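Q: For reference, the file coords26.csv (CSV, C-alpha atoms) is included below:
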chain,number,residue,atom,x,y,z
A,12,MET,CA,7.1,40.9,13.4
A,13,ASP,CA,4.8,43.9,13.9
A,14,LEU,CA,2.6,42.2,16.4
A,15,VAL,CA,5.6,40.9,18.4
A,16,LEU,CA,7.2,44.4,18.6
A,17,PHE,CA,3.8,46.0,19.4
A,18,LEU,CA,3.0,43.6,22.2
A,19,THR,CA,6.5,43.8,23.7
A,20,PHE,CA,6.6,47.6,23.9
A,21,ALA,CA,2.9,48.0,24.7
A,22,LEU,CA,3.5,45.7,27.7
A,23,ILE,CA,6.6,47.6,28.7
A,24,ALA,CA,4.7,50.9,28.4
A,25,VAL,CA,1.7,49.7,30.6
A,26,ALA,CA,4.1,48.1,33.1
A,27,CYS,CA,6.1,51.2,33.4
A,28,ALA,CA,3.0,53.4,33.7
A,29,LEU,CA,1.6,51.2,36.5
A,30,ASN,CA,5.0,51.3,38.2
A,31,MET,CA,4.9,55.1,38.0
A,32,ALA,CA,1.5,55.1,39.6
A,33,LEU,CA,2.5,52.8,42.4
A,34,GLN,CA,6.1,53.9,43.4
A,35,ARG,CA,6.3,56.0,46.5
A,36,HIS,CA,9.4,58.0,45.5
A,37,PRO,CA,9.2,60.7,42.8
A,38,VAL,CA,12.6,59.6,41.3
A,39,SER,CA,11.3,56.1,40.7
A,40,SER,CA,8.1,57.5,39.2
A,41,ALA,CA,10.2,59.7,36.9
A,42,LEU,CA,12.4,56.8,35.7
A,43,SER,CA,9.3,54.7,35.0
A,44,LEU,CA,7.8,57.6,33.0
A,45,ILE,CA,11.0,57.6,30.9
A,46,GLY,CA,10.4,53.9,30.2
A,47,VAL,CA,6.9,54.7,29.0
A,48,MET,CA,8.2,57.5,26.7
A,49,VAL,CA,10.9,55.4,25.2
A,50,SER,CA,8.5,52.5,24.4
A,51,LEU,CA,6.1,55.0,22.9
A,52,ALA,CA,8.9,56.2,20.7
A,53,VAL,CA,9.3,52.6,19.4
A,54,LEU,CA,5.6,52.5,18.7
A,55,TYR,CA,5.8,55.7,16.7
A,56,VAL,CA,8.5,54.2,14.5
A,57,LEU,CA,6.1,51.2,14.0
A,58,LEU,CA,3.4,53.7,13.0
A,59,GLY,CA,5.8,55.3,10.4
A,60,ALA,CA,6.4,58.5,12.4
A,61,GLU,CA,10.1,58.7,12.5
A,62,PHE,CA,10.5,62.4,13.1
A,63,ILE,CA,8.0,62.3,16.0
A,64,ALA,CA,9.8,59.3,17.5
A,65,ALA,CA,13.1,61.2,17.4
A,66,ALA,CA,11.4,64.3,18.8
A,67,GLN,CA,9.8,62.2,21.5
A,68,LEU,CA,13.2,60.9,22.6
A,69,VAL,CA,14.9,64.3,22.5
A,70,VAL,CA,12.2,66.5,23.8
A,71,TYR,CA,10.2,64.3,26.2
A,72,SER,CA,12.5,61.7,27.6
A,73,GLY,CA,15.5,64.1,27.2
A,74,ALA,CA,14.6,67.7,28.0
A,75,ILE,CA,11.4,67.5,30.0
A,76,MET,CA,12.3,64.5,32.2
A,77,VAL,CA,15.7,66.0,32.9
A,78,LEU,CA,13.9,69.1,34.1
A,79,PHE,CA,11.7,66.9,36.3
A,80,ILE,CA,14.7,65.1,37.8
A,81,PHE,CA,16.5,68.5,38.3
A,82,VAL,CA,13.5,69.8,40.3
A,83,ILE,CA,13.2,66.6,42.3
A,84,MET,CA,16.9,66.7,43.2
A,85,LEU,CA,16.7,70.5,43.9
A,86,LEU,CA,13.8,70.2,46.3
A,87,ASN,CA,15.3,67.0,47.8
A,88,ALA,CA,11.9,65.3,47.5
A,89,GLY,CA,11.5,62.2,49.7
A,90,ALA,CA,8.9,59.5,49.6
A,91,GLU,CA,5.4,60.8,49.9
A,92,LYS,CA,3.2,60.4,52.9
A,93,MET,CA,-0.3,59.0,52.2
A,94,THR,CA,-3.0,61.1,53.8
A,95,LYS,CA,-6.7,60.4,54.1
A,96,LYS,CA,-7.9,63.8,53.0
A,97,ALA,CA,-9.1,62.9,49.5
A,98,GLY,CA,-12.2,61.0,50.5
A,99,THR,CA,-14.4,61.4,47.5
A,100,ALA,CA,-11.6,60.5,45.0
A,101,HIS,CA,-10.8,57.3,47.0
A,102,PHE,CA,-14.4,56.1,47.0
A,103,LEU,CA,-15.6,57.2,43.6
A,104,GLY,CA,-12.4,57.4,41.7
A,105,PHE,CA,-11.7,53.7,41.1
A,106,PRO,CA,-15.2,52.7,39.8
A,107,LEU,CA,-15.4,55.8,37.6
A,108,LEU,CA,-12.0,55.0,36.2
A,109,VAL,CA,-13.1,51.5,35.3
A,110,ILE,CA,-16.2,52.9,33.7
A,111,LEU,CA,-14.1,55.4,31.7
A,112,LEU,CA,-11.8,52.7,30.4
A,113,ALA,CA,-14.7,50.3,29.6
A,114,ILE,CA,-16.6,53.0,27.7
A,115,SER,CA,-13.6,54.2,25.8
A,116,ALA,CA,-12.6,50.6,24.9
A,117,TRP,CA,-16.1,49.9,23.7
A,118,VAL,CA,-16.3,53.0,21.6
A,119,ILE,CA,-12.9,52.3,20.1
A,120,THR,CA,-13.6,48.7,19.2
A,121,ASN,CA,-17.0,49.6,17.7
A,122,ALA,CA,-15.8,52.6,15.7
A,123,THR,CA,-12.6,51.1,14.3
A,124,SER,CA,-13.6,47.5,13.7
A,125,ALA,CA,-13.9,48.0,10.0
A,126,MET,CA,-10.7,50.0,9.6
A,127,LYS,CA,-7.6,48.5,8.0
A,128,PRO,CA,-4.9,47.2,10.2
A,129,VAL,CA,-1.6,49.0,10.7
A,130,LYS,CA,1.3,47.6,8.5
A,131,PHE,CA,4.8,48.7,9.1
A,132,GLY,CA,6.2,50.3,6.0
A,133,ALA,CA,2.8,51.2,4.5
A,134,PHE,CA,2.9,54.8,5.7
A,135,THR,CA,6.2,56.5,4.7
A,136,LYS,CA,5.3,60.1,5.0
A,137,GLY,CA,6.5,60.6,8.5
A,138,GLY,CA,10.1,61.6,7.8
A,139,PRO,CA,11.6,64.9,8.6
A,140,TYR,CA,11.2,66.1,5.0
A,141,GLU,CA,7.4,65.7,4.9
A,142,VAL,CA,6.8,66.9,8.5
A,143,GLY,CA,9.0,69.9,7.9
A,144,TRP,CA,7.3,70.7,4.6
A,145,GLU,CA,3.9,70.7,6.2
A,146,LEU,CA,5.2,72.6,9.2
A,147,PHE,CA,6.6,75.4,7.1
A,148,THR,CA,3.8,75.7,4.6
A,149,ARG,CA,0.3,74.9,5.9
A,150,TYR,CA,1.1,75.2,9.5
A,151,LEU,CA,3.5,78.2,9.4
A,152,LEU,CA,1.3,80.5,11.5
A,153,PRO,CA,0.8,78.0,14.3
A,154,PHE,CA,4.5,77.2,14.2
A,155,GLU,CA,5.3,80.9,14.6
A,156,VAL,CA,2.8,81.3,17.4
A,157,THR,CA,4.4,78.4,19.3
A,158,SER,CA,7.7,80.3,19.2
A,159,ILE,CA,6.0,83.2,21.0
A,160,LEU,CA,4.5,80.7,23.4
A,161,ILE,CA,7.9,79.3,24.2
A,162,LEU,CA,9.3,82.8,24.7
A,163,ILE,CA,6.5,83.7,27.1
A,164,ALA,CA,7.2,80.4,29.0
A,165,ILE,CA,10.9,81.2,29.3
A,166,ALA,CA,10.1,84.7,30.6
A,167,GLY,CA,7.4,83.3,33.0
A,168,ALA,CA,9.6,80.5,34.3
A,169,TYR,CA,12.5,83.0,34.9
A,170,ARG,CA,10.2,85.4,36.6
A,171,LEU,CA,8.7,82.7,38.9
A,172,ALA,CA,11.9,81.0,39.8
A,173,ASN,CA,13.9,84.2,40.4
A,174,LYS,CA,14.2,84.8,44.1
A,175,GLU,CA,15.4,88.4,44.0
A,176,MET,CA,12.5,89.9,42.1
A,177,GLU,CA,10.1,90.1,45.0
B,26,MET,CA,15.1,28.0,22.7
B,27,SER,CA,14.3,31.1,20.7
B,28,LEU,CA,11.2,33.2,20.3
B,29,TYR,CA,10.5,31.5,16.9
B,30,ASP,CA,10.0,28.1,18.6
B,31,LEU,CA,7.4,29.5,21.0
B,32,PHE,CA,4.8,30.6,18.4
B,33,PRO,CA,3.6,29.3,15.1
B,34,PRO,CA,5.1,31.0,12.0
B,35,GLU,CA,1.8,32.8,11.2
B,36,PHE,CA,2.1,34.7,14.4
B,37,PHE,CA,5.0,36.7,13.0
B,38,LYS,CA,3.2,37.7,9.9
B,39,LEU,CA,0.1,39.2,11.8
B,40,SER,CA,-0.4,42.9,11.6
B,41,VAL,CA,-1.7,45.0,14.4
B,42,PRO,CA,-5.2,46.4,14.3
B,43,LEU,CA,-5.6,50.1,14.7
B,44,SER,CA,-7.9,49.6,17.7
B,45,ALA,CA,-4.9,48.0,19.6
B,46,TYR,CA,-3.0,51.3,19.5
B,47,LEU,CA,-6.1,53.2,20.5
B,48,ILE,CA,-6.9,50.9,23.4
B,49,LEU,CA,-3.2,51.1,24.6
B,50,SER,CA,-3.6,54.9,24.5
B,51,ALA,CA,-6.9,54.6,26.5
B,52,ILE,CA,-5.2,52.4,29.1
B,53,LEU,CA,-2.2,54.8,29.5
B,54,PHE,CA,-4.6,57.7,29.8
B,55,THR,CA,-6.6,55.9,32.5
B,56,ILE,CA,-3.5,55.1,34.4
B,57,GLY,CA,-2.5,58.8,34.2
B,58,VAL,CA,-5.9,59.9,35.5
B,59,ALA,CA,-5.6,57.3,38.4
B,60,THR,CA,-2.2,58.7,39.3
B,61,PHE,CA,-3.5,62.2,39.1
B,62,LEU,CA,-6.4,61.3,41.5
B,63,PHE,CA,-4.7,59.1,44.0
B,64,ARG,CA,-1.2,60.4,44.5
B,65,ARG,CA,-0.4,63.2,47.0
B,66,ASN,CA,3.0,64.4,45.7
B,67,VAL,CA,2.7,67.4,43.5
B,68,ILE,CA,5.6,66.4,41.2
B,69,THR,CA,4.1,62.9,40.7
B,70,ILE,CA,0.8,64.6,39.8
B,71,PHE,CA,2.6,66.7,37.3
B,72,MET,CA,4.2,63.6,35.8
B,73,ALA,CA,0.7,62.1,35.5
B,74,ILE,CA,-0.3,65.0,33.3
B,75,GLU,CA,2.7,64.3,31.0
B,76,LEU,CA,1.6,60.7,30.8
B,77,MET,CA,-1.9,61.7,29.7
B,78,LEU,CA,-0.4,64.0,27.0
B,79,ASN,CA,1.7,61.1,25.8
B,80,ALA,CA,-1.3,58.9,25.5
B,81,VAL,CA,-3.2,61.4,23.4
B,82,ASN,CA,-0.1,61.8,21.2
B,83,LEU,CA,-0.2,58.1,20.5
B,84,THR,CA,-3.8,58.5,19.3
B,85,PHE,CA,-2.8,61.3,17.0
B,86,VAL,CA,0.0,59.4,15.5
B,87,ALA,CA,-2.1,56.2,15.1
B,88,PHE,CA,-4.8,58.2,13.2
B,89,SER,CA,-2.1,59.9,11.1
B,90,ASN,CA,-1.0,56.5,10.0
B,91,HIS,CA,-4.6,55.4,9.3
B,92,PHE,CA,-5.6,58.4,7.2
B,93,GLY,CA,-2.2,58.4,5.4
B,94,ARG,CA,-1.7,62.1,6.2
B,95,VAL,CA,1.0,63.9,8.2
B,96,ASP,CA,-1.4,66.3,10.0
B,97,GLY,CA,-1.8,64.1,13.1
B,98,GLN,CA,2.0,64.1,13.5
B,99,ILE,CA,2.0,67.9,13.3
B,100,PHE,CA,-0.6,68.1,16.0
B,101,SER,CA,1.4,65.7,18.3
B,102,PHE,CA,4.5,67.9,17.6
B,103,PHE,CA,2.5,70.9,18.9
B,104,VAL,CA,1.4,68.9,21.9
B,105,MET,CA,5.0,68.3,22.6
B,106,VAL,CA,5.9,72.0,22.4
B,107,VAL,CA,3.0,72.9,24.7
B,108,ALA,CA,4.1,70.2,27.1
B,109,ALA,CA,7.6,71.6,27.2
B,110,ALA,CA,6.4,75.1,27.9
B,111,GLU,CA,3.9,73.8,30.5
B,112,ALA,CA,6.6,71.8,32.3
B,113,ALA,CA,8.9,74.8,32.5
B,114,VAL,CA,6.3,77.1,33.9
B,115,GLY,CA,4.7,74.4,36.1
B,116,LEU,CA,7.9,73.3,37.7
B,117,ALA,CA,8.8,77.0,38.3
B,118,ILE,CA,5.5,77.4,40.1
B,119,ILE,CA,6.2,74.2,42.2
B,120,LEU,CA,9.6,75.6,43.1
B,121,MET,CA,8.0,78.9,44.2
B,122,VAL,CA,5.3,77.2,46.3
B,123,PHE,CA,8.0,75.0,47.9
B,124,ARG,CA,9.9,78.1,48.9
B,125,THR,CA,6.9,79.5,50.8
B,126,SER,CA,5.3,76.4,52.3
B,127,ALA,CA,8.3,74.0,52.4
B,128,THR,CA,6.2,70.9,51.4
B,129,LEU,CA,5.3,68.9,48.3
B,130,GLN,CA,2.2,67.3,49.7
B,131,ILE,CA,-0.8,68.5,47.8
B,132,ASP,CA,-3.0,68.5,50.9
B,133,ASP,CA,-0.9,71.3,52.4
B,134,PHE,CA,-1.5,73.6,49.4
B,135,ASP,CA,-4.6,75.3,50.7
B,136,SER,CA,-3.7,78.9,50.9
B,137,LEU,CA,-6.4,79.8,48.2
B,138,LYS,CA,-9.1,77.9,50.1
B,139,ASN,CA,-12.0,79.9,51.6
Rewrite the structure of this file - the entire thing - as structure tokens.
A:
Amino acid sequence: MDLVLFLTFALIAVACALNMALQRHPVSSALSLIGVMVSLAVLYVLLGAEFIAAAQLVVYSGAIMVLFIFVIMLLNAGAEKMTKKAGTAHFLGFPLLVILLAISAWVITNATSAMKPVKFGAFTKGGPYEVGWELFTRYLLPFEVTSILILIAIAGAYRLANKEME
Amino acid sequence: MSLYDLFPPEFFKLSVPLSAYLILSAILFTIGVATFLFRRNVITIFMAIELMLNAVNLTFVAFSNHFGRVDGQIFSFFVMVVAAAEAAVGLAIILMVFRTSATLQIDDFDSLKN
């Protein structure tokens, strides 16, 4: 059943990502990106990372994407116009992307061919207890530093978006 | 006709190789780079960055599973936190730029040029 679930949600993720890249309207792109994030959450559950899957749903497809949709609605963003200004990216971009994907796929298949396959249920240390234990013992200092980072982000976002403080 | 009739029974007992997850991550990352390069809407470009961060998160979680340690998941947790902060500040910057130039086309953002 692992392979069936993996193939289903990997295909959904790739299709939604392609749809995000091809849609003209930012709202369609945002909805496709939500599809990618939800299917990635299912893959995290398959990999035994339950806490990260829940955080992915709450933080990414909840909070961050709502923020994106808010800004799209606020700015009343319409469909984008295609312009011909990015000449170098249009000529060189596609072959370079193909080369990037080919090289990374080659390196991955060479480096991980001897590694054991992923079995659902073999890794059970991804629950909230284990993640929280690591987070508050070994990774306590980075965790506290991220709280300062979030505080700075709140202050910066408020300062940037506030019209009266000119 | 159900799903079980379409495939032989061995198909449902197969496990997924680790490289499948990593290659999926590489594909998503490449689509993110393509969106970043070819699209002209600044909000869509910002969403492409989020897609690339998600692809890297998948690699972290896959290796966390492979090594049997929880550290990779902690890293992907931190990536999520940084992405949230980055989205808040970046969207505020987009809002401010839209107020001054009234456009979302990335070609028109050239006030720092020359």
Q: Can you pull out every residue within 12 Å of B:Ser89, counting only C-alpha atoms, but drop anything in the same chain fewer than 5 positions away, and send it as an MDAnalysis selection string?
A: (chainID A and resid 55 58:60 63 129 133:137 142) or (chainID B and resid 43 82:84 94:101)
Q: To one decimal place, how far is atom CA of A:Lys127 from atom CA of B:Leu47 in Å?
A: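 Computed distance, atom CA of A:Lys127 to atom CA of B:Leu47, equals 13.4 Å.
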Q: Near stretch 107-109 of chain B, counting all atoms listed in the file, which residues have an atom at most 8 Å away, once you skip same-chain residues fewer than 2 positions from it, shown as a count of residues only?
A: 12
Q: Need the shell around B:Ala80: protein/DNA/RNA residues with any atom at most 12 Å away, counting only C-alpha atoms. Skip same-chain ones fewer than 3 positions apart. Format as an NGL selection string?
A: (:A and (21 or 24-25 or 28 or 44 or 47-48 or 50-52 or 54-55)) or (:B and (46-58 or 73-77 or 83-87 or 101 or 104-105))
Q: Identify, on the basis of all atoms listed in the file, every residue whose closest approach to stretch 126-135 of chain B does not exceed 7 Å; exclude the query and any residue fewer than 4 positions from it along the same chain; express the result as a ChimeraX atom specification.
A: /B:65-67,122
Q: Point out the residue among A:Gln67, A:Asn87, A:Arg35, A:Met12 with the least atom-to-atom distance to chain B, counting all atoms listed in the file.
A: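 Among A:Gln67, A:Asn87, A:Arg35, A:Met12, it is A:Met12 that comes nearest to chain B.
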Q: One decimal, Å: what's the distance from atom CA of A:Ala41 over to atom CA of A:Asn173, could you say?
A: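 Calculated distance between atom CA of A:Ala41 and atom CA of A:Asn173 is 25.0 Å.
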Q: What does the distance between atom CA of B:Leu62 and atom CA of A:Phe102 come to in Å, to one decimal place?
A: 11.0 Å
Q: Quick one: axis-aligned box around all listed atoms of stretch 44-62 of chain A, 8 Å on every side, centre and edge lengths in Å to one decimal, written as JSON.
A:
{"center_x": 7.2, "center_y": 56.8, "center_z": 21.7, "size_x": 23.6, "size_y": 27.2, "size_z": 38.6}
Q: May I have the residues at most 12 Å from (-10.3, 42.2, 14.8) in the file's coordinates, counting all atoms listed in the file, as a ChimeraX atom specification?
A: /A:119-129 /B:39-45
Q: Quick one: of A:Ser43, A:Asp13, A:His101, A:Ala90, who's nearest to A:Ser72, counting all atoms listed in the file?
A: A:Ser43
Q: Give me, as a list in words, all polymer residues having an atom no more than 10 Å from A:Leu33, counting all atoms listed in the file and skipping those fewer than 5 positions away in the same chain.
A: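 Skipping anything fewer than 5 positions along the chain leaves Cys27, Ala28, Ser39 and Ser40 of chain A; Thr60, Phe63 and Arg64 of chain B.
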Q: Under the rule that all atoms listed in the file are counted, which of A:Ile165, A:Leu160, A:Val38, A:Thr99 is the nearest residue to A:Leu86?
A: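 Result for the nearest residue to A:Leu86: A:Val38.
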Q: Pick from A:Pro37, A:Tyr140, A:Phe17, A:Val118: nearest to A:Val82, with only C-alpha atoms counted?
A: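 Closest to A:Val82 of all the choices is A:Pro37.
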Q: Hey, which of A:Met76, A:Lys130, A:Phe147, A:Leu152 ends up closest to chain B? Count all atoms listed in the file.
A: A:Lys130
